[in-house]
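S.K.: Dumping the structure here so I can ask a few things about it.
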Amino acid sequence: MDSKAILGPFLALMLLTLLVWTYMYVRRIHFIRANRISNKDLQNPEGLGRMAPMGVVTPSNNFKNLCELPVIFYALALYLIAADRVDGSYLAAAWIFVGFRALHSLVHCTFNHVPLRFLLYLVASVALWFMVVRAALAFF
């Protein structure tokens, strides 16, 4: 298998992050303008989170999530390419990780049902940790 195949989920996750980032700022800017919030009000350490409804805050929280575990995914994908170790199992797990992270983001940024959101996060995380453990075992 071509090791570069893992770049599909790699880039898909980057595009998901861009989409959430864009949605976050659309929601924030709309809220700030609609409520005529001043720059001084936003200087408070709690910032917008203190004033905004959950529909404005959750995209920001989701964006932060996309800057946590996905960092491990990015590093692992690059390692797998460099070591020429990408195979069908890694590729399937990578797509599961990205697919469930996309579903997690959809839930988190919309109706935010926590039990469902957690289940989606858990499935994605298990796929990632499977990849990490498998790569570590192969390395050591």
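Labels used: A, B, ... for chains in the order of the structure tokens, numbers from 1 for residues in each chain, and numbers from 1 for ligands as shown.
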Under the rule of at most 7 Å, produce a per-residue listing of stretch 21-125 of chain A near stretch 5-13 of chain A: chain, number, name, the closest pair of atoms, and the distance in Å, as CSV, using only C-alpha atoms.
M.R.:
residue,atom,partner,partner_atom,distance
A:Tyr74,CA,A:Phe10,CA,6.6
A:Ala77,CA,A:Ile6,CA,6.6
A:Leu91,CA,A:Ile6,CA,5.9
A:Ala94,CA,A:Pro9,CA,6.1
A:Trp95,CA,A:Pro9,CA,5.6
A:Val98,CA,A:Leu13,CA,5.9
S.K.: Would you mind exporting the chosen residues as a PDB file, in the first residue's frame, restricted to C-alpha atoms?
M.R.:
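As written to disk, selection_7.pdb reads:
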ATOM      1  CA  TYR A  74      -0.873  14.104  12.760  1.00  0.00           C
ATOM      2  CA  ALA A  77       0.538   9.733  10.346  1.00  0.00           C
ATOM      3  CA  LEU A  91      -5.838   3.472   7.013  1.00  0.00           C
ATOM      4  CA  ALA A  94      -7.406   6.674  10.518  1.00  0.00           C
ATOM      5  CA  TRP A  95     -10.687   7.082   8.630  1.00  0.00           C
ATOM      6  CA  VAL A  98     -11.511  11.259  11.380  1.00  0.00           C
TER       7      VAL A  98
END
S.K.: As a VMD selection string, please: all residues of chain A that backbone DSSP puts in alpha helix (DSSP H).
M.R.: chain A and resid 7 to 34 39 to 42 47 to 51 54 to 65 69 to 82 88 to 109 114 to 139
S.K.: Please report as a Markdown table every residue of stretch 62-102 of chain A lying within 10 Å of stretch 107-113 of chain A, along with the nearest atom pair and their distance in Å (one decimal), using only C-alpha atoms.
M.R.:
| residue | atom | partner | partner_atom | distance |
| --- | --- | --- | --- | --- |
| A:Asn62 | CA | A:His108 | CA | 6.5 |
| A:Phe63 | CA | A:Cys109 | CA | 9.5 |
| A:Arg101 | CA | A:Val107 | CA | 9.8 |
| A:Ala102 | CA | A:Val107 | CA | 8.7 |
S.K.: Selection from above, C-alpha atoms, as a PDB file, in the first residue's frame, can you write it?
M.R.:
ATOM      1  CA  ASN A  62     -14.790  22.006  19.826  1.00  0.00           C
ATOM      2  CA  PHE A  63     -11.984  23.860  18.082  1.00  0.00           C
ATOM      3  CA  ARG A 101     -14.225  13.262  15.070  1.00  0.00           C
ATOM      4  CA  ALA A 102     -16.347  14.852  12.334  1.00  0.00           C
TER       5      ALA A 102
END
S.K.: Go through A:Ala82, A:Met24, A:Ala138, A:Leu128 and flag the residue nearest A:Met54, using only C-alpha atoms for the distances.
M.R.: A:Met24
S.K.: Could you work out how far atom CA of A:Tyr121 lies from atom CA of A:Tyr90, giving the answer in Å with one decimal?
M.R.: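 Taking atom CA of A:Tyr90 and atom CA of A:Tyr121, their separation equals 18.3 Å.
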S.K.: Contacts of A:Ala83 at 10 Å or less, counting only C-alpha atoms, minus same-chain residues fewer than 5 places along, as a PyMOL selection string?
M.R.: chain A and resi 3+77-78+139
S.K.: From the options A:Ala34, A:Lys40, A:Thr22, A:Val123, which residue's atoms come nearest to A:Ser60, counting only C-alpha atoms?
M.R.: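 For A:Ser60, the nearest of the candidates is A:Thr22.
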S.K.: Would you list the contacts of A:Trp21 as a list in words, taking every protein, DNA or RNA residue within 12 Å and counting only C-alpha atoms, but skipping same-chain residues closer than 3 positions in sequence?
M.R.: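 Final neighbour list, sorted by chain and number: Met14, Leu15, Leu16, Thr17, Leu18, Met24, Tyr25, Val26, Arg27, Arg28, Thr58, Pro59, Ser60, Asn61, Asn62, Phe63, Lys64, Asn65, Leu66, Cys67, Ser105 and Cys109 of chain A.
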S.K.: Write a file of the just-selected residues containing C-alpha atoms, as a PDB file, in the first residue's frame.
M.R.:
ATOM      1  CA  MET A  14      -7.291  19.556   8.718  1.00  0.00           C
ATOM      2  CA  LEU A  15     -10.313  20.579   6.629  1.00  0.00           C
ATOM      3  CA  LEU A  16     -12.643  19.677   9.505  1.00  0.00           C
ATOM      4  CA  THR A  17     -10.567  21.898  11.787  1.00  0.00           C
ATOM      5  CA  LEU A  18     -10.779  24.728   9.243  1.00  0.00           C
ATOM      6  CA  MET A  24     -16.638  29.440  15.438  1.00  0.00           C
ATOM      7  CA  TYR A  25     -15.747  32.883  14.113  1.00  0.00           C
ATOM      8  CA  VAL A  26     -18.998  33.299  12.197  1.00  0.00           C
ATOM      9  CA  ARG A  27     -20.920  32.583  15.415  1.00  0.00           C
ATOM     10  CA  ARG A  28     -18.665  34.809  17.533  1.00  0.00           C
ATOM     11  CA  THR A  58     -19.395  25.269  22.006  1.00  0.00           C
ATOM     12  CA  PRO A  59     -17.752  25.781  18.587  1.00  0.00           C
ATOM     13  CA  SER A  60     -14.794  27.332  20.414  1.00  0.00           C
ATOM     14  CA  ASN A  61     -14.653  24.377  22.780  1.00  0.00           C
ATOM     15  CA  ASN A  62     -14.790  22.006  19.826  1.00  0.00           C
ATOM     16  CA  PHE A  63     -11.984  23.860  18.082  1.00  0.00           C
ATOM     17  CA  LYS A  64      -9.875  23.432  21.233  1.00  0.00           C
ATOM     18  CA  ASN A  65     -10.684  19.688  21.136  1.00  0.00           C
ATOM     19  CA  LEU A  66      -9.429  19.577  17.545  1.00  0.00           C
ATOM     20  CA  CYS A  67      -6.084  20.896  18.782  1.00  0.00           C
ATOM     21  CA  SER A 105     -17.805  18.103  15.942  1.00  0.00           C
ATOM     22  CA  CYS A 109     -21.340  22.492  17.477  1.00  0.00           C
TER      23      CYS A 109
END
